[in-house]
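The structure appears below as structure tokens.
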Amino acid sequence: MTVWDDLVGQDRVQEQLGAAARDADALVTAHSAGEPVPPGSKMTHAWLFTGPPGSGCSTAARAFAAALQCTSPDRALGGAPGCGFCDGCHTSFIGTHADVEVVRTDLLSIGVKETRELVRRAQLSPAVGRWQVIVLEDADRLTEGAGNVLLKAVEEPAPRTVWLLCAPSLEDVLPTIRSRCRHLTLRTPPVDAVADVLIRRDGIDPERAASAARATQGHIGRARRLATDEKARSRRAAVLKLPLRVEDIGGCLKAAQELIDTATDDAKQVSEEVDAKETEEMKAALGAAAGGRMPRGTAGVMKELEDRQKRRKTRTQRDSLDLALTDLTGFYRDVLAIQLGSRIAIANADAQEALDRIARSSTPERTLRRIEAVIACRRALDRNVAPLLAVEAMTMALRAG
């Protein structure tokens, strides 16, 4: 199993990264000897991976990081980097390699303080590997100030440091940063390829794997969760019933409230256990007494932790709500396909009866307006509109068509 095996349906990207990893050795040799970069080298110091959610941007970045640190003996015989078995590949993937830093956030944004720490690390020489690799999975969440801090490091990189940035699109990254990165675009993986990965790697029943891959339209992470989590399947089934419940104003308001409540419960379930563990660890680190009393001067630290946990809970709630809205968009996409007599595969085949009912009772024009209403709700949430107000406005628009 090579490091590229989890990169589903991205043959072109894999070929480019493999070629860059092969050229990386020559670049290290040139740096060590103080020589210029070899002409035609496919390796560079900063990369930007973009693609739709679920396409595998972060997977591609982590695989490339592992390939850059690959220490397989076969490399000396011309073997491809990224064997997946050597110490460099293994430690890069499990997160223990001293020279690979993977940064992801469970908050709404990445601030200046965190970015400065990354920039400081980027100036260090590799401790055990060939490269100092920093994978920033949520580059689109950098604040403007954090982006400006990062720009300096990308503009004047250390000789053996590589930045791997991931974002949904080019527009989500500051123009000054993206202009200094080599850009790779990933595509949505084919549904059959996603199903094959779920069967081969996760041992999921073929029928369930195919259903999950089809329902999520090639989103690998969501497909795996849907195939393995009964609660996720139940929540999705409830969301797909929403179009049938907005026939009157009372139904609209009730459906909106239930959608918000479900997202809140999801956030609470995810955060409670993590918050409790973090709080206890922080208290122990600060030397809390056996009776729970905190030493003087630690109130500010605990308040900062509480604020961070609150922001994380807010993001978790929004992510859960956004997932529901994505499922809803997919539902109306299927309705439109039925109305237009399209031959494309129906994603939500398990809700065929509801799809047919909505398709018969409306027109393609009304379906398009409903899709626009869901998109408008997502944009409103991005602009920090109160979630309940945004969802209520959406359900009322779905009723009006």
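Here's how to read the names in the structure tokens: chain A, B, ... by the order shown, residue numbers from 1 in each chain, ligand numbers from 1 in the order shown.
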When DSSP is applied to the backbone of this structure, which of range 11-94 of chain A are assigned alpha helix (DSSP H)? Write them out as a PyMOL selection string.
chain A and resi 11-33+57-68+87-94
Find the nearest atom pair between each residue of range 219-275 of chain A and range 53-72 of chain A for residues within 9 Å, count only C-alpha atoms, give distances in Å to one decimal, sort rows by chain and ascending number, and present the table as a Markdown table.
| residue | atom | partner | partner_atom | distance |
| --- | --- | --- | --- | --- |
| A:His219 | CA | A:Gly54 | CA | 4.0 |
| A:Ile220 | CA | A:Gly54 | CA | 5.4 |
| A:Gly221 | CA | A:Gly54 | CA | 6.2 |
| A:Arg222 | CA | A:Gly54 | CA | 7.5 |
May I have the selected residues written with all heavy atoms, as a tab-separated table (two decimals), in the first residue's frame?
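After the write, part_14.tsv holds the following:
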chain	number	residue	atom	x	y	z
A	219	HIS	N	-18.13	12.33	-2.20
A	219	HIS	CA	-17.43	12.91	-1.05
A	219	HIS	C	-16.96	11.76	-0.16
A	219	HIS	O	-17.77	11.10	0.50
A	219	HIS	CB	-18.39	13.82	-0.28
A	219	HIS	CG	-17.73	14.67	0.76
A	219	HIS	ND1	-16.99	14.14	1.79
A	219	HIS	CD2	-17.68	16.03	0.92
A	219	HIS	CE1	-16.54	15.12	2.56
A	219	HIS	NE2	-16.93	16.26	2.05
A	220	ILE	N	-15.66	11.52	-0.14
A	220	ILE	CA	-15.13	10.33	0.50
A	220	ILE	C	-15.41	10.30	2.00
A	220	ILE	O	-15.89	9.29	2.54
A	220	ILE	CB	-13.61	10.22	0.25
A	220	ILE	CG1	-13.32	10.17	-1.25
A	220	ILE	CG2	-13.03	8.97	0.91
A	220	ILE	CD1	-11.85	10.27	-1.61
A	221	GLY	N	-15.11	11.39	2.70
A	221	GLY	CA	-15.30	11.43	4.15
A	221	GLY	C	-16.76	11.25	4.54
A	221	GLY	O	-17.09	10.48	5.45
A	222	ARG	N	-17.66	11.95	3.86
A	222	ARG	CA	-19.09	11.83	4.18
A	222	ARG	C	-19.61	10.44	3.83
A	222	ARG	O	-20.46	9.90	4.53
A	222	ARG	CB	-19.88	12.89	3.42
A	222	ARG	CG	-19.71	14.31	3.97
A	222	ARG	CD	-20.50	15.29	3.14
A	222	ARG	NE	-21.90	14.89	3.04
A	222	ARG	CZ	-22.69	15.20	2.03
A	222	ARG	NH1	-22.23	15.89	1.01
A	222	ARG	NH2	-23.95	14.79	2.02
Please list as JSON, numbers by chain every residue within 9 Å of Glu278 in chain A, counting only C-alpha atoms and excluding residues in the same chain fewer than 5 positions away.
{"A": [273, 283, 305]}
Considering only C-alpha atoms, return as a CSV table (one decimal) with N, CA, C and O atoms, in the first residue's frame whatever protein or nucleic-acid residues lie within 10 Å of Ile344 in chain A, sequence-local ones (same chain, fewer than 6 positions apart) excluded.
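Output contents, as saved in around_21.csv:
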chain,number,residue,atom,x,y,z
A,334,ASP,N,-31.9,16.1,-7.6
A,334,ASP,CA,-32.6,14.9,-8.1
A,334,ASP,C,-33.9,15.2,-8.7
A,334,ASP,O,-34.4,14.6,-9.7
A,337,ALA,N,-33.6,16.7,-12.0
A,337,ALA,CA,-33.2,15.7,-13.0
A,337,ALA,C,-34.4,14.9,-13.5
A,337,ALA,O,-34.6,14.6,-14.7
A,338,ILE,N,-35.3,14.5,-12.5
A,338,ILE,CA,-36.5,13.8,-12.9
A,338,ILE,C,-37.4,14.7,-13.8
A,338,ILE,O,-38.0,14.2,-14.8
Within 12 Å of Leu368 in chain A using only C-alpha atoms, minus same-chain residues under 5 positions, as a ChimeraX atom specification
/A:329-337,339-340,359,362-363,373-375,397-398,401
For the residues in that selection, give me N, CA and C atoms as an mmCIF file, in the first residue's frame.
data_model
loop_
_atom_site.group_PDB
_atom_site.id
_atom_site.type_symbol
_atom_site.label_atom_id
_atom_site.label_comp_id
_atom_site.auth_asym_id
_atom_site.auth_seq_id
_atom_site.Cartn_x
_atom_site.Cartn_y
_atom_site.Cartn_z
ATOM 1 N N THR A 329 -29.780 20.247 -0.930
ATOM 2 C CA THR A 329 -29.475 20.656 -2.304
ATOM 3 C C THR A 329 -29.454 19.442 -3.230
ATOM 4 N N GLY A 330 -28.866 18.346 -2.757
ATOM 5 C CA GLY A 330 -28.831 17.127 -3.544
ATOM 6 C C GLY A 330 -30.225 16.582 -3.829
ATOM 7 N N PHE A 331 -31.128 16.725 -2.867
ATOM 8 C CA PHE A 331 -32.510 16.273 -3.052
ATOM 9 C C PHE A 331 -33.162 17.030 -4.213
ATOM 10 N N TYR A 332 -33.049 18.358 -4.188
ATOM 11 C CA TYR A 332 -33.682 19.152 -5.242
ATOM 12 C C TYR A 332 -32.965 18.988 -6.582
ATOM 13 N N ARG A 333 -31.697 18.673 -6.554
ATOM 14 C CA ARG A 333 -30.976 18.364 -7.792
ATOM 15 C C ARG A 333 -31.575 17.126 -8.427
ATOM 16 N N ASP A 334 -31.915 16.113 -7.611
ATOM 17 C CA ASP A 334 -32.550 14.905 -8.130
ATOM 18 C C ASP A 334 -33.949 15.202 -8.664
ATOM 19 N N VAL A 335 -34.683 16.067 -7.960
ATOM 20 C CA VAL A 335 -36.013 16.464 -8.433
ATOM 21 C C VAL A 335 -35.916 17.098 -9.816
ATOM 22 N N LEU A 336 -34.953 17.972 -9.980
ATOM 23 C CA LEU A 336 -34.772 18.653 -11.266
ATOM 24 C C LEU A 336 -34.411 17.651 -12.362
ATOM 25 N N ALA A 337 -33.575 16.680 -12.023
ATOM 26 C CA ALA A 337 -33.193 15.657 -13.002
ATOM 27 C C ALA A 337 -34.418 14.870 -13.469
ATOM 28 N N GLN A 339 -37.584 15.929 -13.409
ATOM 29 C CA GLN A 339 -38.460 16.827 -14.163
ATOM 30 C C GLN A 339 -37.968 17.046 -15.585
ATOM 31 N N LEU A 340 -36.654 17.071 -15.771
ATOM 32 C CA LEU A 340 -36.090 17.315 -17.090
ATOM 33 C C LEU A 340 -35.841 16.034 -17.879
ATOM 34 N N ALA A 359 -41.544 16.261 -7.663
ATOM 35 C CA ALA A 359 -41.366 16.512 -9.094
ATOM 36 C C ALA A 359 -42.705 16.698 -9.794
ATOM 37 N N SER A 362 -44.558 20.263 -8.883
ATOM 38 C CA SER A 362 -43.906 21.543 -9.154
ATOM 39 C C SER A 362 -43.348 21.557 -10.567
ATOM 40 N N THR A 363 -42.624 22.604 -10.890
ATOM 41 C CA THR A 363 -42.020 22.761 -12.217
ATOM 42 C C THR A 363 -40.505 22.915 -12.072
ATOM 43 N N ALA A 373 -32.707 29.031 -2.956
ATOM 44 C CA ALA A 373 -33.043 29.366 -1.565
ATOM 45 C C ALA A 373 -32.094 28.658 -0.594
ATOM 46 N N VAL A 374 -31.753 27.400 -0.880
ATOM 47 C CA VAL A 374 -30.821 26.665 -0.015
ATOM 48 C C VAL A 374 -29.432 27.300 -0.089
ATOM 49 N N ILE A 375 -29.009 27.665 -1.298
ATOM 50 C CA ILE A 375 -27.697 28.317 -1.461
ATOM 51 C C ILE A 375 -27.671 29.654 -0.728
ATOM 52 N N ALA A 397 -39.134 30.042 1.752
ATOM 53 C CA ALA A 397 -38.867 30.131 0.314
ATOM 54 C C ALA A 397 -39.115 28.790 -0.364
ATOM 55 N N LEU A 398 -38.815 27.686 0.322
ATOM 56 C CA LEU A 398 -39.082 26.371 -0.238
ATOM 57 C C LEU A 398 -40.590 26.170 -0.415
ATOM 58 N N GLY A 401 -41.671 28.295 -3.388
ATOM 59 C CA GLY A 401 -41.157 27.812 -4.658
ATOM 60 C C GLY A 401 -40.784 28.951 -5.581
#
So that I can see what lies close to His45 in chain A, please list as a PyMOL selection string the residues with an atom at most 12 Å from it, counting only C-alpha atoms and leaving out residues fewer than 6 positions away in the same chain.
chain A and resi 20-21+24+27-28+37+65+68+122+131-134+153-165+180-183
Residues of range 156-321 of chain A in strand (DSSP E or B), written as a PyMOL selection string
chain A and resi 161-167+182-185
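Considering only C-alpha atoms, the residue among A:Gly218, A:Ala380, A:Asp275, A:Pro126 positioned nearest to Leu198 in chain A is A:Gly218.
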Would you mind telling me which residue in A:Thr264, A:Asp350, A:Val135, A:Arg208 lies nearest to Ala46 in chain A when using only C-alpha atoms?
A:Val135
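Within 8 Å of range 236-241 of chain A there are Leu259, Ala324, Asp327, Leu328, Phe331, Ala351 and Ala354 of chain A, counting only C-alpha atoms and ignoring same-chain residues fewer than 6 positions away.
In this comparison, which uses only C-alpha atoms, the residue of A:Glu101, A:Glu171, A:Glu392, A:Glu280 approaching Ala255 in chain A most closely is A:Glu392.
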